[in-house]
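Chemist: I am sharing work23.cif, which consists of mmCIF, C-alpha atoms and all ligand atoms:
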data_input
#
loop_
_atom_site.group_PDB
_atom_site.id
_atom_site.type_symbol
_atom_site.label_atom_id
_atom_site.label_comp_id
_atom_site.auth_asym_id
_atom_site.auth_seq_id
_atom_site.Cartn_x
_atom_site.Cartn_y
_atom_site.Cartn_z
ATOM 1 C CA MET O 1 -4.729 90.543 -25.604
ATOM 2 C CA LYS O 2 -3.942 86.870 -24.945
ATOM 3 C CA ILE O 3 -7.099 84.811 -24.438
ATOM 4 C CA VAL O 4 -7.273 81.090 -23.581
ATOM 5 C CA LEU O 5 -10.757 79.751 -24.286
ATOM 6 C CA LEU O 6 -12.171 76.347 -23.268
ATOM 7 C CA THR O 7 -15.369 74.987 -24.817
ATOM 8 C CA GLY O 8 -17.567 72.027 -23.888
ATOM 9 C CA ALA O 9 -20.638 70.236 -25.198
ATOM 10 C CA GLY O 10 -22.842 73.261 -24.503
ATOM 11 C CA ILE O 11 -21.373 75.208 -27.453
ATOM 12 C CA SER O 12 -22.487 72.471 -29.862
ATOM 13 C CA ALA O 13 -25.922 71.936 -28.281
ATOM 14 C CA GLU O 14 -27.671 74.482 -30.540
ATOM 15 C CA SER O 15 -26.221 72.646 -33.551
ATOM 16 C CA GLY O 16 -28.088 69.523 -32.426
ATOM 17 C CA VAL O 17 -25.140 67.640 -30.855
ATOM 18 C CA GLN O 18 -26.213 65.957 -27.597
ATOM 19 C CA THR O 19 -24.554 67.168 -24.410
ATOM 20 C CA PHE O 20 -23.442 64.638 -21.803
ATOM 21 C CA ARG O 21 -25.594 65.376 -18.825
ATOM 22 C CA GLY O 22 -28.659 66.952 -20.381
ATOM 23 C CA SER O 23 -31.963 65.064 -20.080
ATOM 24 C CA ASP O 24 -31.104 63.146 -23.285
ATOM 25 C CA GLY O 25 -27.424 63.244 -22.313
ATOM 26 C CA LEU O 26 -24.972 61.014 -24.122
ATOM 27 C CA TRP O 27 -24.157 59.134 -21.037
ATOM 28 C CA GLU O 28 -27.881 58.389 -20.576
ATOM 29 C CA GLY O 29 -28.238 54.709 -21.283
ATOM 30 C CA HIS O 30 -24.481 54.147 -21.475
ATOM 31 C CA ARG O 31 -22.188 53.464 -18.549
ATOM 32 C CA VAL O 32 -19.190 55.737 -19.106
ATOM 33 C CA GLU O 33 -16.821 52.911 -18.171
ATOM 34 C CA ASP O 34 -18.447 50.718 -20.882
ATOM 35 C CA VAL O 35 -18.210 53.120 -23.822
ATOM 36 C CA ALA O 36 -15.472 55.645 -22.947
ATOM 37 C CA SER O 37 -12.680 53.692 -21.253
ATOM 38 C CA PRO O 38 -9.840 51.433 -22.498
ATOM 39 C CA GLU O 39 -11.210 48.663 -20.252
ATOM 40 C CA GLY O 40 -14.665 48.981 -21.859
ATOM 41 C CA PHE O 41 -13.100 48.796 -25.329
ATOM 42 C CA ALA O 42 -11.120 45.678 -24.399
ATOM 43 C CA ARG O 43 -14.269 44.096 -22.941
ATOM 44 C CA ASP O 44 -16.621 44.850 -25.886
ATOM 45 C CA PRO O 45 -15.036 46.669 -28.866
ATOM 46 C CA GLN O 46 -18.177 46.501 -31.021
ATOM 47 C CA LEU O 47 -20.312 48.216 -28.328
ATOM 48 C CA VAL O 48 -17.794 51.069 -28.268
ATOM 49 C CA HIS O 49 -17.557 51.211 -32.084
ATOM 50 C CA ASN O 50 -21.371 51.409 -32.305
ATOM 51 C CA PHE O 51 -21.396 54.260 -29.752
ATOM 52 C CA TYR O 52 -18.855 56.350 -31.680
ATOM 53 C CA ASN O 53 -20.147 55.346 -35.132
ATOM 54 C CA GLY O 54 -23.535 56.765 -34.065
ATOM 55 C CA ARG O 55 -21.968 60.021 -32.847
ATOM 56 C CA ARG O 56 -19.850 60.287 -36.020
ATOM 57 C CA LYS O 57 -22.968 60.018 -38.212
ATOM 58 C CA GLN O 58 -24.683 62.688 -36.093
ATOM 59 C CA VAL O 59 -21.761 65.119 -36.357
ATOM 60 C CA LEU O 60 -21.662 64.723 -40.159
ATOM 61 C CA GLU O 61 -25.345 65.810 -40.289
ATOM 62 C CA VAL O 62 -25.150 68.993 -38.204
ATOM 63 C CA SER O 63 -23.682 72.490 -38.845
ATOM 64 C CA PRO O 64 -21.791 75.080 -36.799
ATOM 65 C CA ASN O 65 -23.899 77.719 -34.989
ATOM 66 C CA PRO O 66 -23.377 81.478 -34.354
ATOM 67 C CA ALA O 67 -21.184 80.732 -31.302
ATOM 68 C CA HIS O 68 -18.704 78.752 -33.417
ATOM 69 C CA LEU O 69 -18.697 81.488 -36.097
ATOM 70 C CA ALA O 70 -18.151 84.267 -33.540
ATOM 71 C CA LEU O 71 -15.052 82.541 -32.109
ATOM 72 C CA ALA O 72 -13.555 82.254 -35.601
ATOM 73 C CA LYS O 73 -14.139 86.007 -36.022
ATOM 74 C CA LEU O 74 -12.478 86.688 -32.646
ATOM 75 C CA ALA O 75 -9.391 84.719 -33.719
ATOM 76 C CA ARG O 76 -9.097 86.958 -36.820
ATOM 77 C CA THR O 77 -9.312 90.167 -34.720
ATOM 78 C CA ARG O 78 -6.102 92.251 -34.721
ATOM 79 C CA GLY O 79 -4.648 92.570 -31.239
ATOM 80 C CA VAL O 80 -6.252 89.305 -30.066
ATOM 81 C CA GLU O 81 -4.134 86.139 -29.594
ATOM 82 C CA LEU O 82 -6.637 83.310 -29.100
ATOM 83 C CA MET O 83 -5.844 79.770 -27.950
ATOM 84 C CA LEU O 84 -9.008 77.738 -28.577
ATOM 85 C CA VAL O 85 -9.094 74.532 -26.519
ATOM 86 C CA THR O 86 -12.106 72.214 -26.780
ATOM 87 C CA GLN O 87 -13.277 69.137 -24.917
ATOM 88 C CA ASN O 88 -15.553 68.425 -27.892
ATOM 89 C CA ILE O 89 -14.644 65.708 -30.378
ATOM 90 C CA ASP O 90 -16.831 67.198 -33.156
ATOM 91 C CA ASP O 91 -15.347 69.364 -35.954
ATOM 92 C CA LEU O 92 -17.806 72.267 -35.646
ATOM 93 C CA HIS O 93 -15.146 74.800 -34.585
ATOM 94 C CA GLU O 94 -13.157 74.051 -37.742
ATOM 95 C CA ARG O 95 -16.289 74.132 -39.929
ATOM 96 C CA GLY O 96 -17.170 77.428 -38.179
ATOM 97 C CA GLY O 97 -13.893 78.876 -39.526
ATOM 98 C CA SER O 98 -11.497 78.362 -36.605
ATOM 99 C CA GLU O 99 -8.103 77.442 -38.045
ATOM 100 C CA GLU O 100 -6.347 76.471 -34.820
ATOM 101 C CA VAL O 101 -8.272 74.230 -32.421
ATOM 102 C CA LEU O 102 -6.649 72.102 -29.700
ATOM 103 C CA HIS O 103 -8.866 69.025 -29.220
ATOM 104 C CA MET O 104 -7.700 67.996 -25.756
ATOM 105 C CA HIS O 105 -10.064 64.966 -25.754
ATOM 106 C CA GLY O 106 -9.435 63.941 -29.360
ATOM 107 C CA GLU O 107 -11.448 63.987 -32.620
ATOM 108 C CA LEU O 108 -14.339 61.813 -33.795
ATOM 109 C CA LEU O 109 -13.352 62.205 -37.478
ATOM 110 C CA LYS O 110 -9.946 60.580 -36.829
ATOM 111 C CA ALA O 111 -9.041 56.971 -36.031
ATOM 112 C CA ARG O 112 -5.885 55.587 -34.467
ATOM 113 C CA CYS O 113 -4.147 52.214 -34.956
ATOM 114 C CA ASN O 114 -3.332 50.412 -31.706
ATOM 115 C CA ASP O 115 -0.565 48.496 -33.519
ATOM 116 C CA CYS O 116 1.453 51.198 -35.351
ATOM 117 C CA GLY O 117 0.004 54.316 -33.699
ATOM 118 C CA ALA O 118 -0.969 55.934 -37.011
ATOM 119 C CA VAL O 119 -3.722 58.597 -36.815
ATOM 120 C CA VAL O 120 -5.850 58.727 -39.986
ATOM 121 C CA PRO O 121 -9.005 60.576 -41.141
ATOM 122 C CA CYS O 122 -12.231 58.616 -40.437
ATOM 123 C CA ARG O 123 -15.688 59.473 -41.830
ATOM 124 C CA GLU O 124 -16.910 55.853 -42.072
ATOM 125 C CA ASP O 125 -18.009 53.351 -39.425
ATOM 126 C CA LEU O 126 -15.197 51.614 -37.564
ATOM 127 C CA SER O 127 -15.379 47.923 -36.569
ATOM 128 C CA ARG O 128 -13.131 45.011 -35.621
ATOM 129 C CA ALA O 129 -12.839 44.348 -39.387
ATOM 130 C CA SER O 130 -11.376 47.795 -40.066
ATOM 131 C CA ILE O 131 -7.871 47.622 -41.574
ATOM 132 C CA CYS O 132 -5.136 50.109 -40.715
ATOM 133 C CA PRO O 133 -4.274 51.930 -44.001
ATOM 134 C CA ILE O 134 -0.638 52.261 -42.833
ATOM 135 C CA CYS O 135 0.417 48.907 -41.322
ATOM 136 C CA ARG O 136 -2.470 46.838 -42.863
ATOM 137 C CA GLY O 137 -3.247 45.471 -39.397
ATOM 138 C CA ILE O 138 -6.826 44.322 -38.622
ATOM 139 C CA ASP O 139 -8.963 44.555 -35.437
ATOM 140 C CA CYS O 140 -6.575 47.349 -34.314
ATOM 141 C CA MET O 141 -8.391 50.632 -35.130
ATOM 142 C CA ARG O 142 -10.014 52.774 -32.426
ATOM 143 C CA PRO O 143 -11.587 56.264 -32.324
ATOM 144 C CA HIS O 144 -8.850 58.920 -31.848
ATOM 145 C CA VAL O 145 -10.472 60.157 -28.638
ATOM 146 C CA VAL O 146 -9.244 60.382 -25.014
ATOM 147 C CA TRP O 147 -11.049 57.912 -22.796
ATOM 148 C CA PHE O 148 -11.375 58.123 -19.006
ATOM 149 C CA GLY O 149 -8.059 57.164 -17.440
ATOM 150 C CA GLU O 150 -6.136 58.307 -20.509
ATOM 151 C CA ILE O 151 -4.045 61.496 -20.529
ATOM 152 C CA PRO O 152 -5.574 64.398 -22.483
ATOM 153 C CA PHE O 153 -3.633 66.015 -25.343
ATOM 154 C CA GLY O 154 -1.706 69.288 -25.093
ATOM 155 C CA LEU O 155 -1.738 69.753 -21.290
ATOM 156 C CA ASP O 156 1.732 71.344 -21.162
ATOM 157 C CA GLU O 157 0.869 73.762 -23.984
ATOM 158 C CA ILE O 158 -2.416 74.639 -22.279
ATOM 159 C CA SER O 159 -0.916 75.251 -18.844
ATOM 160 C CA ALA O 160 1.858 77.432 -20.330
ATOM 161 C CA ALA O 161 -0.708 79.503 -22.271
ATOM 162 C CA ILE O 162 -2.993 79.900 -19.226
ATOM 163 C CA SER O 163 -0.165 81.157 -16.995
ATOM 164 C CA SER O 164 0.704 83.946 -19.476
ATOM 165 C CA ALA O 165 -2.862 84.833 -20.550
ATOM 166 C CA ASP O 166 -4.767 88.087 -19.948
ATOM 167 C CA LEU O 167 -8.113 86.281 -19.884
ATOM 168 C CA PHE O 168 -9.415 82.694 -19.442
ATOM 169 C CA VAL O 169 -12.937 81.989 -20.750
ATOM 170 C CA ALA O 170 -15.043 78.803 -20.431
ATOM 171 C CA ILE O 171 -18.113 78.273 -22.655
ATOM 172 C CA GLY O 172 -20.751 75.519 -22.366
ATOM 173 C CA THR O 173 -19.048 73.200 -19.897
ATOM 174 C CA SER O 174 -20.309 71.706 -16.607
ATOM 175 C CA GLY O 175 -16.842 71.635 -15.020
ATOM 176 C CA ARG O 176 -17.172 67.999 -14.021
ATOM 177 C CA VAL O 177 -14.404 66.328 -16.001
ATOM 178 C CA TYR O 178 -10.739 66.754 -15.024
ATOM 179 C CA PRO O 179 -8.172 68.056 -15.692
ATOM 180 C CA ALA O 180 -10.228 70.454 -17.927
ATOM 181 C CA ALA O 181 -12.330 71.453 -14.893
ATOM 182 C CA SER O 182 -9.127 72.601 -13.140
ATOM 183 C CA PHE O 183 -8.098 75.138 -15.794
ATOM 184 C CA VAL O 184 -10.021 77.992 -14.161
ATOM 185 C CA SER O 185 -8.165 77.334 -10.884
ATOM 186 C CA TRP O 186 -4.845 77.310 -12.776
ATOM 187 C CA ALA O 187 -5.837 80.700 -14.229
ATOM 188 C CA ARG O 188 -6.824 82.124 -10.837
ATOM 189 C CA ARG O 189 -3.525 80.964 -9.333
ATOM 190 C CA ALA O 190 -1.706 82.786 -12.151
ATOM 191 C CA GLY O 191 -3.694 85.997 -11.473
ATOM 192 C CA VAL O 192 -5.555 85.739 -14.788
ATOM 193 C CA ARG O 193 -9.061 87.235 -15.204
ATOM 194 C CA THR O 194 -11.721 84.529 -15.712
ATOM 195 C CA LEU O 195 -15.150 84.564 -17.405
ATOM 196 C CA GLU O 196 -17.789 81.799 -17.730
ATOM 197 C CA LEU O 197 -20.533 81.782 -20.411
ATOM 198 C CA ASN O 198 -23.012 78.978 -19.662
ATOM 199 C CA LEU O 199 -26.702 78.094 -19.794
ATOM 200 C CA GLU O 200 -26.774 76.834 -16.184
ATOM 201 C CA VAL O 201 -24.678 77.217 -13.037
ATOM 202 C CA SER O 202 -21.730 74.796 -13.354
ATOM 203 C CA ASP O 203 -19.591 73.031 -10.754
ATOM 204 C CA ALA O 204 -16.929 75.735 -11.349
ATOM 205 C CA THR O 205 -19.146 78.850 -11.455
ATOM 206 C CA GLY O 206 -17.994 79.935 -7.998
ATOM 207 C CA VAL O 207 -14.359 80.033 -9.098
ATOM 208 C CA PHE O 208 -14.899 82.523 -11.968
ATOM 209 C CA HIS O 209 -14.597 86.316 -11.528
ATOM 210 C CA GLU O 210 -17.687 86.687 -13.740
ATOM 211 C CA SER O 211 -20.348 84.232 -14.977
ATOM 212 C CA ARG O 212 -23.010 85.062 -17.571
ATOM 213 C CA ARG O 213 -26.119 82.926 -18.029
ATOM 214 C CA GLY O 214 -27.674 82.176 -21.392
ATOM 215 C CA ARG O 215 -27.367 80.225 -24.633
ATOM 216 C CA ALA O 216 -23.961 80.218 -26.312
ATOM 217 C CA GLY O 217 -25.569 81.247 -29.598
ATOM 218 C CA ASP O 218 -26.569 84.559 -27.942
ATOM 219 C CA LEU O 219 -23.851 85.076 -25.307
ATOM 220 C CA VAL O 220 -20.771 84.357 -27.443
ATOM 221 C CA PRO O 221 -21.442 86.697 -30.419
ATOM 222 C CA ALA O 222 -22.348 89.498 -27.946
ATOM 223 C CA TRP O 223 -19.173 88.941 -25.894
ATOM 224 C CA VAL O 224 -16.998 88.818 -29.049
ATOM 225 C CA GLU O 225 -18.419 92.174 -30.218
ATOM 226 C CA GLU O 226 -17.537 93.608 -26.776
ATOM 227 C CA VAL O 227 -13.912 92.418 -27.133
ATOM 228 C CA ILE O 228 -13.687 93.741 -30.707
ATOM 229 C CA ALA O 229 -15.104 97.105 -29.580
ATOM 230 C CA THR O 230 -12.379 97.377 -26.904
ATOM 231 C CA LYS O 231 -9.729 96.422 -29.468
ATOM 232 C CA GLY O 232 -10.867 99.254 -31.811
ATOM 233 C CA HIS O 233 -10.495 96.721 -34.623
HETATM 234 C C1 LIG C 301 -7.024 61.576 -16.659
HETATM 235 C C2 LIG C 301 -13.826 62.151 -25.073
HETATM 236 C C3 LIG C 301 -4.865 60.959 -15.827
HETATM 237 C C4 LIG C 301 -14.598 60.922 -25.360
HETATM 238 C C5 LIG C 301 -14.060 62.738 -22.693
HETATM 239 C C6 LIG C 301 -9.871 64.611 -10.246
HETATM 240 C C7 LIG C 301 -10.998 64.496 -9.505
HETATM 241 C C8 LIG C 301 -11.958 63.506 -9.859
HETATM 242 C C9 LIG C 301 -11.787 62.662 -10.987
HETATM 243 C C10 LIG C 301 -10.654 62.800 -11.716
HETATM 244 C C11 LIG C 301 -9.700 63.757 -11.347
HETATM 245 N N1 LIG C 301 -8.700 63.671 -12.246
HETATM 246 C C12 LIG C 301 -8.996 62.677 -13.160
HETATM 247 C C13 LIG C 301 -10.197 62.145 -12.843
HETATM 248 C C14 LIG C 301 -10.830 61.071 -13.581
HETATM 249 C C15 LIG C 301 -11.597 61.557 -14.810
HETATM 250 C C16 LIG C 301 -12.708 62.487 -14.434
HETATM 251 O O1 LIG C 301 -12.611 63.686 -14.536
HETATM 252 N N2 LIG C 301 -13.790 61.862 -13.980
HETATM 253 C C17 LIG C 301 -14.990 62.690 -13.637
HETATM 254 C C18 LIG C 301 -16.182 62.075 -14.321
HETATM 255 C C19 LIG C 301 -15.138 62.780 -12.170
HETATM 256 N N3 LIG C 301 -10.714 62.218 -15.785
HETATM 257 C C20 LIG C 301 -10.030 61.421 -16.661
HETATM 258 O O2 LIG C 301 -10.077 60.214 -16.681
HETATM 259 C C21 LIG C 301 -9.142 62.162 -17.657
HETATM 260 N N4 LIG C 301 -7.846 61.542 -17.714
HETATM 261 O O3 LIG C 301 -7.314 62.115 -15.613
HETATM 262 O O4 LIG C 301 -5.809 60.945 -16.912
HETATM 263 C C22 LIG C 301 -3.963 62.140 -15.952
HETATM 264 C C23 LIG C 301 -4.434 63.409 -16.256
HETATM 265 C C24 LIG C 301 -3.525 64.498 -16.304
HETATM 266 C C25 LIG C 301 -2.215 64.304 -16.114
HETATM 267 C C26 LIG C 301 -1.761 63.001 -15.835
HETATM 268 C C27 LIG C 301 -2.670 61.925 -15.738
HETATM 269 C C28 LIG C 301 -9.703 62.059 -19.096
HETATM 270 C C29 LIG C 301 -11.038 62.676 -19.193
HETATM 271 C C30 LIG C 301 -11.479 62.746 -20.681
HETATM 272 C C31 LIG C 301 -12.567 61.736 -20.993
HETATM 273 N N5 LIG C 301 -13.069 61.916 -22.360
HETATM 274 N N6 LIG C 301 -14.449 62.916 -23.975
HETATM 275 C C32 LIG C 301 -16.044 61.214 -25.690
HETATM 276 O O5 LIG C 301 -16.415 62.391 -25.898
HETATM 277 O O6 LIG C 301 -16.773 60.230 -25.784
HETATM 278 S S1 LIG C 301 -14.862 63.609 -21.437
HETATM 279 C C33 LIG C 301 -16.338 64.242 -22.163
HETATM 280 O O7 LIG C 301 -17.193 64.499 -21.066
HETATM 281 C C34 LIG C 301 -16.195 65.572 -22.883
HETATM 282 O O8 LIG C 301 -15.027 65.656 -23.659
HETATM 283 C C35 LIG C 301 -16.217 66.573 -21.717
HETATM 284 O O9 LIG C 301 -14.932 66.711 -21.158
HETATM 285 C C36 LIG C 301 -17.123 65.880 -20.725
HETATM 286 C C37 LIG C 301 -18.517 66.430 -20.809
HETATM 287 O O10 LIG C 301 -18.491 67.661 -20.149
HETATM 288 P P1 LIG C 301 -19.092 68.991 -20.879
HETATM 289 O O11 LIG C 301 -18.473 69.145 -22.232
HETATM 290 O O12 LIG C 301 -18.936 70.063 -19.905
HETATM 291 O O13 LIG C 301 -20.632 68.585 -21.146
HETATM 292 P P2 LIG C 301 -21.824 68.472 -20.076
HETATM 293 O O14 LIG C 301 -22.952 67.854 -20.803
HETATM 294 O O15 LIG C 301 -21.332 67.866 -18.799
HETATM 295 O O16 LIG C 301 -22.184 70.012 -19.738
HETATM 296 C C38 LIG C 301 -22.665 70.837 -20.757
HETATM 297 C C39 LIG C 301 -22.766 72.233 -20.143
HETATM 298 O O17 LIG C 301 -23.205 73.122 -21.176
HETATM 299 C C40 LIG C 301 -23.776 72.317 -18.988
HETATM 300 O O18 LIG C 301 -23.193 73.085 -17.932
HETATM 301 C C41 LIG C 301 -24.969 73.054 -19.623
HETATM 302 O O19 LIG C 301 -25.566 73.941 -18.709
HETATM 303 C C42 LIG C 301 -24.300 73.877 -20.722
HETATM 304 N N7 LIG C 301 -25.162 74.120 -21.884
HETATM 305 C C43 LIG C 301 -26.080 73.270 -22.444
HETATM 306 N N8 LIG C 301 -26.633 73.858 -23.545
HETATM 307 C C44 LIG C 301 -26.032 75.098 -23.662
HETATM 308 C C45 LIG C 301 -25.083 75.249 -22.619
HETATM 309 N N9 LIG C 301 -24.341 76.358 -22.445
HETATM 310 C C46 LIG C 301 -24.533 77.369 -23.350
HETATM 311 N N10 LIG C 301 -25.411 77.291 -24.406
HETATM 312 C C47 LIG C 301 -26.189 76.178 -24.581
HETATM 313 N N11 LIG C 301 -27.044 76.140 -25.600
#
What does the file become when written as structure tokens?

Modeler:
Amino acid sequence: MKIVLLTGAGISAESGVQTFRGSDGLWEGHRVEDVASPEGFARDPQLVHNFYNGRRKQVLEVSPNPAHLALAKLARTRGVELMLVTQNIDDLHERGGSEEVLHMHGELLKARCNDCGAVVPCREDLSRASICPICRGIDCMRPHVVWFGEIPFGLDEISAAISSADLFVAIGTSGRVYPAASFVSWARRAGVRTLELNLEVSDATGVFHESRRGRAGDLVPAWVEEVIATKGH
């Protein structure tokens, strides 16, 4: 059974990572174009560094939740071929035991050099004084994340996997950011079954064959046990 699974901020909410549009949403208080766009970074790099330094500290303090653990178990299930795609830039899927995770919007615990293009691990604060460990450049490091207007990672791989999948599942995403929000339509066009697991109705709920309401920490482990039961593990 080939499953392509997309996660969003909702799967990390129960771990204490802010979502984007909740009442205390990340974008609250920050204009997206100021903190998550190349133009915003050019205009005020330190504002952007402060925004991501704060999120990096938060991610290093939290832990994966039962939804992350259940997806790692699903990936280890015989007869299941799982492609796990996330819009999240935290590392909770990996810390939950998932070995293969496609971060289509990048990773908070990595930094990239604008001069030589090197991508390096990053657990400390970044600033204009940060030095690239590869080319020794300065005032050239940025978070290795995909900003608005930038092309997400792995789109060709994702679209190929969706068109040959048996099932497309979306967990904890509002379906408001593209092209991720289009994946369910790609799946429908390819005749693939689609399932949504989300706390609230999303902008894409109407496109899914089935949509279940609840917290990821409850819905995901229950759904994974269903799949395992059908696989006769
Ligand atoms: C691009 C990284 C060109 C940085 C992010 C078509 C139409 C309109 C606009 C566009 C379009 N195509 C492109 C655009 C422009 C733009 C876009 O989509 N704008 C929107 C705002 C209208 N897209 C882009 O710019 C993209 N790039 O298009 O390049 C291109 C593309 C393809 C090919 C060629 C050229 C780049 C977008 C990526 C931006 N970077 N993140 C960072 O994180 O700081 S986006 C960021 O916001 C996240 O990664 C994520 O994608 C998004 C947040 O959404 P969610 O994760 O869904 O979170 P949200 O809070 O919204 O919702 C949470 C959900 O969980 C809710 O439904 C809630 O009910 C639920 N929930 C809450 N708690 C729980 C729960 N569910 C279960 N359990 C719980 N406990």

Chemist: List the residues selected by the PyMOL selection byres (((not hetatm)) within 6 of (chain C and resi 301)) in the file shown, writing them as a ChimeraX atom specification.

Modeler: /O:8-11,13-14,19-22,36,87-89,105,145-152,172-179,198-200,202,215-216

Chemist: Return the single residue from O:Ala129, O:Met83, O:Val48, O:Val224 that is closest to O:His30, with distances computed using all atoms listed in the file.

Modeler: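 Selected residue with least distance to O:His30: O:Val48.
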
Chemist: Name all residues at most 10 Å from O:Lys231 (count all atoms listed in the file; drop same-chain ones fewer than 4 positions away) and give them as JSON, numbers by chain.

Modeler: {"O": [1, 77, 78, 79, 80, 225, 226, 227]}

Chemist: From the options O:Ser130, O:Ser159, O:Ser98, O:Ser185, which residue's atoms come nearest to O:His68, counting only C-alpha atoms?

Modeler: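 Among the listed residues, the smallest separation from O:His68 belongs to O:Ser98.
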
Chemist: Taking all atoms of stretch 202-215 of chain O that the file lists, what box with edges along x, y and z, padded by 3 Å per side, do you get, with centre and edge lengths in Å to one decimal, as JSON?

Modeler:
{"center_x": -21.0, "center_y": 79.9, "center_z": -16.3, "size_x": 19.3, "size_y": 19.7, "size_z": 22.6}
